$ cat protein-v2.cif   # mmCIF, C-alpha atoms
data_work
#
loop_
_atom_site.label_atom_id
_atom_site.label_comp_id
_atom_site.auth_asym_id
_atom_site.auth_seq_id
_atom_site.Cartn_x
_atom_site.Cartn_y
_atom_site.Cartn_z
CA MET A 1 81.98 114.42 0.33
CA THR A 2 83.66 112.05 -2.12
CA THR A 3 87.42 111.57 -2.14
CA VAL A 4 89.83 110.00 -4.61
CA ALA A 5 90.05 106.95 -2.34
CA ASN A 6 86.23 106.58 -2.43
CA ILE A 7 86.19 106.65 -6.24
CA ILE A 8 89.01 104.09 -6.58
CA THR A 9 87.56 101.74 -3.94
CA ARG A 10 84.10 101.85 -5.49
CA ALA A 11 85.54 101.19 -8.96
CA LEU A 12 87.34 98.11 -7.65
CA ARG A 13 84.16 96.89 -5.94
CA LEU A 14 82.37 97.17 -9.29
CA LEU A 15 85.00 94.76 -10.64
CA ASN A 16 84.51 92.41 -7.66
CA VAL A 17 88.14 92.97 -6.69
CA TYR A 18 87.19 94.48 -3.35
CA GLY A 19 84.43 93.75 -0.88
CA THR A 20 82.56 96.21 1.30
CA GLY A 21 84.76 97.61 4.07
CA GLU A 22 88.10 96.61 2.55
CA THR A 23 90.88 99.19 2.47
CA LEU A 24 93.12 100.09 -0.45
CA SER A 25 96.68 98.85 -0.32
CA ALA A 26 99.55 101.25 -1.04
CA ASP A 27 100.20 99.76 -4.50
CA GLU A 28 96.52 99.75 -5.42
CA SER A 29 96.23 103.37 -4.29
CA VAL A 30 99.08 104.43 -6.58
CA ASP A 31 97.75 102.40 -9.52
CA GLY A 32 94.22 103.70 -9.00
CA MET A 33 95.28 107.34 -8.81
CA THR A 34 97.46 106.95 -11.91
CA ALA A 35 94.51 105.48 -13.82
CA LEU A 36 92.12 108.17 -12.53
CA ASN A 37 94.45 110.99 -13.58
CA ALA A 38 94.95 109.35 -16.98
CA LEU A 39 91.17 109.17 -17.38
CA ILE A 40 90.54 112.85 -16.63
CA ASP A 41 93.53 113.80 -18.79
CA GLU A 42 91.89 111.91 -21.67
CA TRP A 43 88.57 113.61 -21.02
CA ALA A 44 90.27 116.97 -21.42
CA THR A 45 90.57 116.18 -25.15
CA GLU A 46 86.78 115.70 -25.40
CA SER A 47 85.26 119.17 -25.45
CA LEU A 48 81.84 118.06 -24.20
CA MET A 49 83.35 116.24 -21.20
CA SER A 50 85.08 119.36 -19.88
CA ASN A 51 82.90 121.76 -17.93
CA VAL A 52 85.52 123.77 -16.06
CA LYS A 53 85.02 127.31 -17.34
CA LYS A 54 87.43 129.86 -15.89
CA LEU A 55 87.96 133.60 -16.28
CA ASP A 56 91.32 135.25 -16.96
CA VAL A 57 91.51 139.04 -17.03
CA ILE A 58 94.28 139.92 -19.49
CA PRO A 59 95.57 143.51 -19.72
CA LEU A 60 96.03 144.22 -23.42
CA VAL A 61 99.20 146.10 -24.30
CA ALA A 62 99.24 148.72 -27.05
CA GLY A 63 101.05 147.34 -30.08
CA THR A 64 100.90 143.71 -28.88
CA SER A 65 98.54 141.23 -30.56
CA VAL A 66 99.94 137.87 -29.39
CA TYR A 67 99.74 136.55 -25.81
CA THR A 68 100.72 133.12 -24.49
CA ILE A 69 98.72 131.44 -21.72
CA GLY A 70 100.14 128.66 -19.57
CA THR A 71 102.48 127.89 -16.70
CA THR A 72 105.31 129.85 -18.38
CA GLY A 73 103.27 132.14 -20.63
CA THR A 74 102.92 135.90 -20.66
CA VAL A 75 99.67 135.11 -18.85
CA VAL A 76 100.43 132.61 -16.07
CA SER A 77 97.32 130.44 -15.82
CA PRO A 78 96.38 126.84 -16.68
CA ARG A 79 96.48 126.44 -20.48
CA PRO A 80 92.95 126.67 -21.97
CA GLU A 81 91.60 123.84 -24.06
CA SER A 82 89.38 126.28 -25.95
CA ILE A 83 88.05 129.84 -25.76
CA ASP A 84 84.45 130.51 -24.84
CA PRO A 85 82.36 132.92 -26.96
CA SER A 86 81.29 134.84 -23.85
CA SER A 87 84.73 136.56 -23.73
CA TYR A 88 84.69 140.34 -24.09
CA ILE A 89 86.80 143.52 -24.04
CA LEU A 90 86.30 146.04 -21.24
CA LYS A 91 87.42 149.63 -21.87
CA ASN A 92 86.44 152.71 -19.90
CA GLY A 93 83.71 150.76 -18.16
CA VAL A 94 82.08 149.63 -21.43
CA SER A 95 81.96 145.96 -22.52
CA TYR A 96 82.57 145.06 -26.17
CA PRO A 97 81.77 141.55 -27.47
CA THR A 98 84.38 139.49 -29.30
CA THR A 99 84.21 136.95 -32.11
CA ILE A 100 86.08 133.65 -31.95
CA ALA A 101 87.98 133.34 -35.24
CA SER A 102 88.99 130.06 -36.83
CA LEU A 103 92.38 129.50 -38.43
CA SER A 104 90.85 129.99 -41.88
CA ASP A 105 89.23 133.24 -40.70
CA TYR A 106 92.55 134.52 -39.45
CA ASN A 107 94.43 133.43 -42.58
CA SER A 108 91.89 135.30 -44.72
CA ILE A 109 92.73 138.63 -43.06
CA VAL A 110 94.70 140.63 -45.59
CA SER A 111 96.20 143.22 -43.26
CA LYS A 112 97.10 141.41 -40.04
CA ASP A 113 98.96 144.41 -38.61
CA SER A 114 95.87 146.64 -38.59
CA GLU A 115 95.33 148.51 -35.32
CA SER A 116 92.27 149.58 -33.35
CA ASP A 117 91.69 150.79 -29.83
CA ILE A 118 89.19 147.94 -29.36
CA PRO A 119 90.02 144.49 -30.85
CA TYR A 120 86.97 142.48 -31.85
CA ALA A 121 88.30 139.04 -32.80
CA LEU A 122 90.20 136.30 -30.95
CA TRP A 123 92.09 133.43 -32.51
CA TYR A 124 93.40 130.73 -30.17
CA LYS A 125 95.90 127.95 -30.87
CA ALA A 126 96.11 125.30 -28.16
CA ASP A 127 99.89 124.89 -28.30
CA TYR A 128 101.68 123.08 -25.48
CA PRO A 129 102.75 123.88 -22.80
CA ASN A 130 101.44 127.41 -23.45
CA GLY A 131 98.48 128.24 -25.66
CA THR A 132 98.77 131.16 -28.07
CA LEU A 133 96.08 133.84 -28.22
CA THR A 134 96.00 136.41 -31.03
CA VAL A 135 93.73 139.44 -30.80
CA TYR A 136 92.67 141.35 -33.92
CA PRO A 137 93.08 144.16 -34.74
CA THR A 138 96.26 144.84 -32.75
CA PRO A 139 95.28 147.09 -29.83
CA SER A 140 96.43 150.67 -30.22
CA ASP A 141 95.57 151.47 -26.62
CA THR A 142 95.25 149.63 -23.32
CA ALA A 143 92.13 147.65 -22.43
CA ASP A 144 91.23 144.52 -20.48
CA LEU A 145 90.29 141.24 -22.14
CA TYR A 146 87.90 139.17 -20.02
CA LEU A 147 88.77 135.76 -21.40
CA TRP A 148 86.44 132.90 -20.56
CA SER A 149 87.89 129.53 -21.48
CA ILE A 150 87.55 125.81 -20.87
CA LYS A 151 90.36 124.63 -18.60
CA PRO A 152 91.64 121.07 -18.16
CA PHE A 153 90.75 119.09 -15.05
CA THR A 154 93.37 119.25 -12.30
CA ALA A 155 95.29 116.04 -11.58
CA TYR A 156 94.93 114.52 -8.10
CA THR A 157 97.92 114.00 -5.84
CA GLU A 158 96.45 112.57 -2.63
CA LEU A 159 93.88 109.88 -1.81
CA THR A 160 92.20 112.40 0.48
CA ASP A 161 91.71 114.96 -2.32
CA VAL A 162 88.04 115.86 -2.62
CA VAL A 163 86.47 115.02 -5.98
CA SER A 164 84.36 118.06 -6.76
CA PHE A 165 82.47 118.00 -10.06
CA PRO A 166 79.04 119.02 -11.35
CA PRO A 167 76.21 116.44 -11.12
CA ALA A 168 76.67 113.12 -13.00
CA TYR A 169 80.47 113.25 -13.05
CA GLN A 170 80.94 111.05 -10.00
CA ASN A 171 79.23 108.05 -11.58
CA ALA A 172 81.00 108.65 -14.88
CA LEU A 173 84.38 108.74 -13.15
CA THR A 174 83.69 105.64 -11.08
CA TYR A 175 82.28 103.40 -13.82
CA ASN A 176 84.79 104.49 -16.46
CA LEU A 177 87.62 104.03 -13.97
CA ALA A 178 86.38 100.48 -13.35
CA VAL A 179 86.55 99.80 -17.09
CA ALA A 180 90.05 101.32 -17.29
CA LEU A 181 91.33 99.27 -14.32
CA ALA A 182 89.81 95.96 -15.41
CA PRO A 183 92.77 94.75 -17.55
CA GLU A 184 95.23 95.48 -14.72
CA TYR A 185 93.29 93.10 -12.45
CA ASN A 186 92.55 90.56 -15.18
CA GLN A 187 88.84 91.24 -14.80
CA GLN A 188 86.02 91.54 -17.30
CA PRO A 189 83.59 94.37 -16.41
CA SER A 190 79.97 93.28 -16.25
CA LEU A 191 77.60 94.35 -18.99
CA LEU A 192 75.90 96.69 -16.52
CA VAL A 193 79.21 98.41 -15.69
CA LEU A 194 80.06 98.81 -19.37
CA LYS A 195 76.61 100.21 -20.22
CA THR A 196 76.64 102.58 -17.25
CA ALA A 197 80.13 103.84 -18.18
CA VAL A 198 78.96 104.72 -21.68
CA ALA A 199 75.58 106.11 -20.60
CA SER A 200 77.08 108.32 -17.87
CA LYS A 201 79.43 110.00 -20.37
CA LYS A 202 76.57 110.57 -22.81
CA LYS A 203 74.55 112.21 -20.03
CA ILE A 204 77.39 114.66 -19.29
CA LYS A 205 77.88 115.48 -22.97
CA ARG A 206 74.15 116.19 -23.38
CA ALA A 207 74.25 118.48 -20.35
CA ASN A 208 77.33 120.33 -21.63
CA TYR A 209 76.16 120.66 -25.22
CA GLN A 210 75.44 124.19 -26.39
CA PRO A 211 73.90 124.80 -29.83
CA ILE A 212 76.24 126.50 -32.28
CA ILE A 213 75.13 130.01 -33.17
CA LEU A 214 76.54 131.43 -36.37
CA GLU A 215 78.61 134.52 -35.69
CA PRO A 216 79.84 137.13 -38.15
CA ARG A 217 82.96 135.91 -39.88
CA VAL A 218 86.12 137.95 -39.38
CA THR A 219 87.85 139.69 -42.27
CA SER A 220 90.18 142.67 -42.38
CA ARG A 221 87.48 144.73 -44.07
CA HIS A 222 84.14 143.89 -42.49
CA TYR A 223 81.88 141.28 -40.97
CA TYR A 224 79.65 139.10 -43.05
CA ASP A 225 77.15 136.41 -42.23
CA ILE A 226 78.51 132.93 -42.94
CA GLY A 227 75.07 131.70 -43.91
CA ALA A 228 74.33 134.55 -46.27
CA GLY A 229 77.69 134.71 -48.04
CA GLU A 230 79.75 137.81 -48.79
#

$ encode --input "protein-v2.cif" --output "structure tokens"
Amino acid sequence: MTTVANIITRALRLLNVYGTGETLSADESVDGMTALNALIDEWATESLMSNVKKLDVIPLVAGTSVYTIGTTGTVVSPRPESIDPSSYILKNGVSYPTTIASLSDYNSIVSKDSESDIPYALWYKADYPNGTLTVYPTPSDTADLYLWSIKPFTAYTELTDVVSFPPAYQNALTYNLAVALAPEYNQQPSLLVLKTAVASKKKIKRANYQPIILEPRVTSRHYYDIGAGE
């Protein structure tokens, strides 16, 4: 079991600031946690570094097409970074797939106030502090949206917090934290530390990469294949 304190201490050892068995001081603990949280906050902006996929079940309201998601949104949940294509609509025990629409797709819809008992397209804008989700067509009846999305990493608050990530993240956090802390300790990371920091991130991005599959483009009239043209 790896804790925040373990990650910070190991990062400082990689910089030759600490030796084996030494304990973090109070100031170094605060500085290390601040740097660690800044690092994972930065990773949240890199889609292939984030692997925290969460499910929100959103009751769709008849006549309502726009829902906000966040700490003060109509859906109270951590704000998604992006929406996953595996989201779907569930109505009367039947699942209906959805298409993730881009801004240009949504802008191309002529009649945005069209209604249907089962929406088939989702357009998400990652506003802050609440993201904005638009479903199309506007639901004319109730249904449940099973929304899978990529959520940001949670900031740490205690040195004893357990660092729980998929494989390869621990090394990436430790080596990249060492690089981030180096200027604060007037240290130059070794070439091995620098190379490992870069390589560990690349390994995570390769593991998280999913090939893009062309989906039908959304219009107010019909679907059409992006590759084939209208």

$ residues_around --input "protein-v2.cif" --residues "region 142-145 of chain A" --least-positions-apart "4" --cutoff "7 Å" --atoms "all atoms listed in the file" --output "PDB file with C-alpha atoms, keeping the file's coordinate frame"
ATOM      1  CA  VAL A  57      91.510 139.040 -17.030  1.00  0.00           C
ATOM      2  CA  ILE A  58      94.280 139.920 -19.490  1.00  0.00           C
ATOM      3  CA  PRO A  59      95.570 143.510 -19.720  1.00  0.00           C
ATOM      4  CA  LEU A  60      96.030 144.220 -23.420  1.00  0.00           C
ATOM      5  CA  VAL A  61      99.200 146.100 -24.300  1.00  0.00           C
ATOM      6  CA  ALA A  62      99.240 148.720 -27.050  1.00  0.00           C
ATOM      7  CA  TYR A  88      84.690 140.340 -24.090  1.00  0.00           C
ATOM      8  CA  ILE A  89      86.800 143.520 -24.040  1.00  0.00           C
ATOM      9  CA  LEU A  90      86.300 146.040 -21.240  1.00  0.00           C
ATOM     10  CA  LYS A  91      87.420 149.630 -21.870  1.00  0.00           C
TER      11      LYS A  91
END

$ atom_distance --input "protein-v2.cif" --atom1 "CA of Thr154 (chain A)" --atom2 "CA of Thr23 (chain A)"
25.0 Å

$ residues_around --input "protein-v2.cif" --residues "region 81-87 of chain A" --least-positions-apart "4" --cutoff "6 Å" --atoms "all atoms listed in the file" --output "VMD selection string"
chain A and resid 146 to 151

$ residues_around --input "protein-v2.cif" --residues "Arg13 (chain A)" --least-positions-apart "3" --cutoff "12 Å" --atoms "only C-alpha atoms" --output "CSV table (one decimal) with C-alpha atoms, keeping the file's coordinate frame"
chain,number,residue,atom,x,y,z
A,6,ASN,CA,86.2,106.6,-2.4
A,7,ILE,CA,86.2,106.6,-6.2
A,8,ILE,CA,89.0,104.1,-6.6
A,9,THR,CA,87.6,101.7,-3.9
A,10,ARG,CA,84.1,101.8,-5.5
A,16,ASN,CA,84.5,92.4,-7.7
A,17,VAL,CA,88.1,93.0,-6.7
A,18,TYR,CA,87.2,94.5,-3.4
A,19,GLY,CA,84.4,93.8,-0.9
A,20,THR,CA,82.6,96.2,1.3
A,21,GLY,CA,84.8,97.6,4.1
A,22,GLU,CA,88.1,96.6,2.6
A,23,THR,CA,90.9,99.2,2.5
A,24,LEU,CA,93.1,100.1,-0.4
A,174,THR,CA,83.7,105.6,-11.1
A,175,TYR,CA,82.3,103.4,-13.8
A,177,LEU,CA,87.6,104.0,-14.0
A,178,ALA,CA,86.4,100.5,-13.4
A,179,VAL,CA,86.6,99.8,-17.1
A,181,LEU,CA,91.3,99.3,-14.3
A,182,ALA,CA,89.8,96.0,-15.4
A,185,TYR,CA,93.3,93.1,-12.4
A,187,GLN,CA,88.8,91.2,-14.8
A,189,PRO,CA,83.6,94.4,-16.4
A,190,SER,CA,80.0,93.3,-16.2
A,193,VAL,CA,79.2,98.4,-15.7

$ resolve_selection --input "protein-v2.cif" --expression "the PyMOL selection byres ((chain A and resi 48) around 6)" --output "number ranges by chain"
A: 46-47, 49-50, 205, 208

$ resolve_selection --input "protein-v2.cif" --expression "the PyMOL selection byres ((chain A and resi 120) around 7)" --output "list in words"
Pro97, Thr98, Thr99, Ile118, Pro119, Ala121, Tyr136 and Pro137 of chain A

$ atom_distance --input "protein-v2.cif" --atom1 "CA of Phe153 (chain A)" --atom2 "CA of Pro78 (chain A)"
9.7 Å

$ atom_distance --input "protein-v2.cif" --atom1 "CA of Gly131 (chain A)" --atom2 "CA of Ile69 (chain A)"
5.1 Å

$ axis_aligned_box --input "protein-v2.cif" --around "region 71-78 of chain A" --padding-each-side "4 Å" --output "JSON"
{"center_x": 100.8, "center_y": 131.4, "center_z": -18.2, "size_x": 16.9, "size_y": 17.1, "size_z": 12.8}

$ residues_around --input "protein-v2.cif" --residues "Asn176 (chain A)" --least-positions-apart "4" --cutoff "8 Å" --atoms "all atoms listed in the file" --output "list in words"
Leu39, Ala172, Ala180, Leu194, Ala197 and Val198 of chain A

$ residues_around --input "protein-v2.cif" --residues "Ala155 (chain A)" --least-positions-apart "5" --cutoff "9 Å" --atoms "only C-alpha atoms" --output "PyMOL selection string"
chain A and resi 36-38+40-41

$ resolve_selection --input "protein-v2.cif" --expression "the PyMOL selection byres ((chain A and resi 125) around 10)" --output "list in words"
Thr68, Pro80, Glu81, Ser82, Ile83, Ser102, Leu103, Trp123, Tyr124, Ala126, Asp127, Tyr128, Asn130, Gly131, Thr132, Leu133 and Thr134 of chain A

$ closest_residue --input "protein-v2.cif" --among "A:Ala26, A:Ile100, A:Leu14, A:Val135" --to "Gly63 (chain A)" --atoms "all atoms listed in the file"
A:Val135

$ residues_near_point --input "protein-v2.cif" --point "(86.0, 113.8, 0.9)" --cutoff "12 Å" --atoms "only C-alpha atoms" --output "PyMOL selection string"
chain A and resi 1-7+158-164

$ closest_residue --input "protein-v2.cif" --among "A:Asn171, A:Thr34, A:Ser116, A:Pro183" --to "Lys195 (chain A)" --atoms "all atoms listed in the file"
A:Asn171

$ decode --input "protein-v2.cif" --residues "region 39-148 of chain A" --atoms "C-alpha atoms" --output "mmCIF file, in the first residue's frame"
data_model
loop_
_atom_site.group_PDB
_atom_site.id
_atom_site.type_symbol
_atom_site.label_atom_id
_atom_site.label_comp_id
_atom_site.auth_asym_id
_atom_site.auth_seq_id
_atom_site.Cartn_x
_atom_site.Cartn_y
_atom_site.Cartn_z
ATOM 1 C CA LEU A 39 0.868 17.452 -10.967
ATOM 2 C CA ILE A 40 -2.335 15.391 -11.005
ATOM 3 C CA ASP A 41 -4.353 18.550 -11.678
ATOM 4 C CA GLU A 42 -2.182 19.136 -14.753
ATOM 5 C CA TRP A 43 -2.613 15.538 -15.863
ATOM 6 C CA ALA A 44 -6.372 16.045 -15.825
ATOM 7 C CA THR A 45 -5.930 18.260 -18.908
ATOM 8 C CA GLU A 46 -4.209 15.400 -20.780
ATOM 9 C CA SER A 47 -6.966 13.041 -21.892
ATOM 10 C CA LEU A 48 -4.694 9.997 -22.198
ATOM 11 C CA MET A 49 -3.335 10.453 -18.667
ATOM 12 C CA SER A 50 -6.775 10.270 -17.055
ATOM 13 C CA ASN A 51 -8.193 6.790 -16.582
ATOM 14 C CA VAL A 52 -10.861 7.450 -13.966
ATOM 15 C CA LYS A 53 -14.087 6.475 -15.721
ATOM 16 C CA LYS A 54 -17.224 6.971 -13.627
ATOM 17 C CA LEU A 55 -20.939 6.377 -14.156
ATOM 18 C CA ASP A 56 -23.659 8.936 -13.424
ATOM 19 C CA VAL A 57 -27.288 7.897 -13.830
ATOM 20 C CA ILE A 58 -29.187 11.032 -14.857
ATOM 21 C CA PRO A 59 -33.011 11.042 -14.874
ATOM 22 C CA LEU A 60 -34.024 12.896 -18.028
ATOM 23 C CA VAL A 61 -36.911 15.316 -17.590
ATOM 24 C CA ALA A 62 -39.535 15.762 -20.295
ATOM 25 C CA GLY A 63 -39.017 19.102 -22.013
ATOM 26 C CA THR A 64 -35.495 19.602 -20.613
ATOM 27 C CA SER A 65 -32.455 19.230 -22.889
ATOM 28 C CA VAL A 66 -29.706 20.934 -20.852
ATOM 29 C CA TYR A 67 -28.209 19.545 -17.628
ATOM 30 C CA THR A 68 -25.246 20.856 -15.636
ATOM 31 C CA ILE A 69 -22.842 18.475 -13.898
ATOM 32 C CA GLY A 70 -20.596 19.562 -11.040
ATOM 33 C CA THR A 71 -20.500 20.425 -7.361
ATOM 34 C CA THR A 72 -23.393 22.905 -7.788
ATOM 35 C CA GLY A 73 -24.977 21.505 -10.956
ATOM 36 C CA THR A 74 -28.394 20.013 -11.561
ATOM 37 C CA VAL A 75 -26.457 16.748 -11.325
ATOM 38 C CA VAL A 76 -24.210 16.907 -8.243
ATOM 39 C CA SER A 77 -21.106 14.934 -9.184
ATOM 40 C CA PRO A 78 -17.452 15.714 -9.967
ATOM 41 C CA ARG A 79 -17.319 17.677 -13.247
ATOM 42 C CA PRO A 80 -16.419 15.367 -16.179
ATOM 43 C CA GLU A 81 -13.417 16.131 -18.326
ATOM 44 C CA SER A 82 -15.061 14.372 -21.268
ATOM 45 C CA ILE A 83 -17.947 12.038 -22.092
ATOM 46 C CA ASP A 84 -17.313 8.417 -22.977
ATOM 47 C CA PRO A 85 -18.983 6.889 -26.065
ATOM 48 C CA SER A 86 -20.258 3.954 -24.002
ATOM 49 C CA SER A 87 -23.028 6.177 -22.540
ATOM 50 C CA TYR A 88 -26.591 5.089 -23.298
ATOM 51 C CA ILE A 89 -30.283 5.778 -22.653
ATOM 52 C CA LEU A 90 -32.332 3.263 -20.671
ATOM 53 C CA LYS A 91 -36.120 3.315 -21.130
ATOM 54 C CA ASN A 92 -38.578 0.596 -20.165
ATOM 55 C CA GLY A 93 -35.720 -1.826 -19.640
ATOM 56 C CA VAL A 94 -34.288 -1.296 -23.144
ATOM 57 C CA SER A 95 -30.863 0.290 -23.756
ATOM 58 C CA TYR A 96 -30.413 2.765 -26.620
ATOM 59 C CA PRO A 97 -26.919 3.845 -27.740
ATOM 60 C CA THR A 98 -25.966 7.508 -27.960
ATOM 61 C CA THR A 99 -23.668 9.479 -30.240
ATOM 62 C CA ILE A 100 -21.196 12.027 -28.892
ATOM 63 C CA ALA A 101 -21.729 15.211 -30.915
ATOM 64 C CA SER A 102 -19.068 17.842 -31.507
ATOM 65 C CA LEU A 103 -19.776 21.563 -31.336
ATOM 66 C CA SER A 104 -19.901 21.725 -35.138
ATOM 67 C CA ASP A 105 -22.345 18.791 -35.184
ATOM 68 C CA TYR A 106 -24.603 20.542 -32.715
ATOM 69 C CA ASN A 107 -24.389 23.887 -34.532
ATOM 70 C CA SER A 108 -25.401 22.166 -37.772
ATOM 71 C CA ILE A 109 -28.721 21.016 -36.294
ATOM 72 C CA VAL A 110 -31.406 23.173 -37.872
ATOM 73 C CA SER A 111 -34.217 22.500 -35.415
ATOM 74 C CA LYS A 112 -32.644 22.340 -31.961
ATOM 75 C CA ASP A 113 -36.017 22.251 -30.194
ATOM 76 C CA SER A 114 -37.068 18.963 -31.807
ATOM 77 C CA GLU A 115 -38.461 16.407 -29.366
ATOM 78 C CA SER A 116 -38.327 12.624 -29.112
ATOM 79 C CA ASP A 117 -39.083 10.133 -26.387
ATOM 80 C CA ILE A 118 -35.531 8.771 -26.777
ATOM 81 C CA PRO A 119 -32.655 11.265 -27.348
ATOM 82 C CA TYR A 120 -29.785 9.855 -29.381
ATOM 83 C CA ALA A 121 -27.058 12.505 -29.237
ATOM 84 C CA LEU A 122 -25.029 14.111 -26.448
ATOM 85 C CA TRP A 123 -23.048 17.324 -26.655
ATOM 86 C CA TYR A 124 -20.833 18.199 -23.694
ATOM 87 C CA LYS A 125 -19.103 21.488 -22.883
ATOM 88 C CA ALA A 126 -16.538 21.276 -20.095
ATOM 89 C CA ASP A 127 -17.433 24.591 -18.468
ATOM 90 C CA TYR A 128 -16.192 25.360 -14.962
ATOM 91 C CA PRO A 129 -17.160 24.753 -12.194
ATOM 92 C CA ASN A 130 -20.063 22.826 -13.750
ATOM 93 C CA GLY A 131 -19.961 21.130 -17.135
ATOM 94 C CA THR A 132 -22.935 21.530 -19.465
ATOM 95 C CA LEU A 133 -24.552 18.511 -21.109
ATOM 96 C CA THR A 134 -27.089 18.902 -23.914
ATOM 97 C CA VAL A 135 -29.159 15.944 -25.075
ATOM 98 C CA TYR A 136 -30.768 15.886 -28.527
ATOM 99 C CA PRO A 137 -33.588 15.692 -29.374
ATOM 100 C CA THR A 138 -35.195 17.182 -26.265
ATOM 101 C CA PRO A 139 -36.820 14.296 -24.362
ATOM 102 C CA SER A 140 -40.593 14.274 -24.588
ATOM 103 C CA ASP A 141 -40.854 11.642 -21.873
ATOM 104 C CA THR A 142 -38.846 10.449 -18.888
ATOM 105 C CA ALA A 143 -35.882 8.104 -19.290
ATOM 106 C CA ASP A 144 -32.533 7.478 -17.618
ATOM 107 C CA LEU A 145 -29.218 8.525 -19.145
ATOM 108 C CA TYR A 146 -26.354 6.246 -18.113
ATOM 109 C CA LEU A 147 -23.517 8.709 -18.562
ATOM 110 C CA TRP A 148 -19.992 7.317 -18.550
#
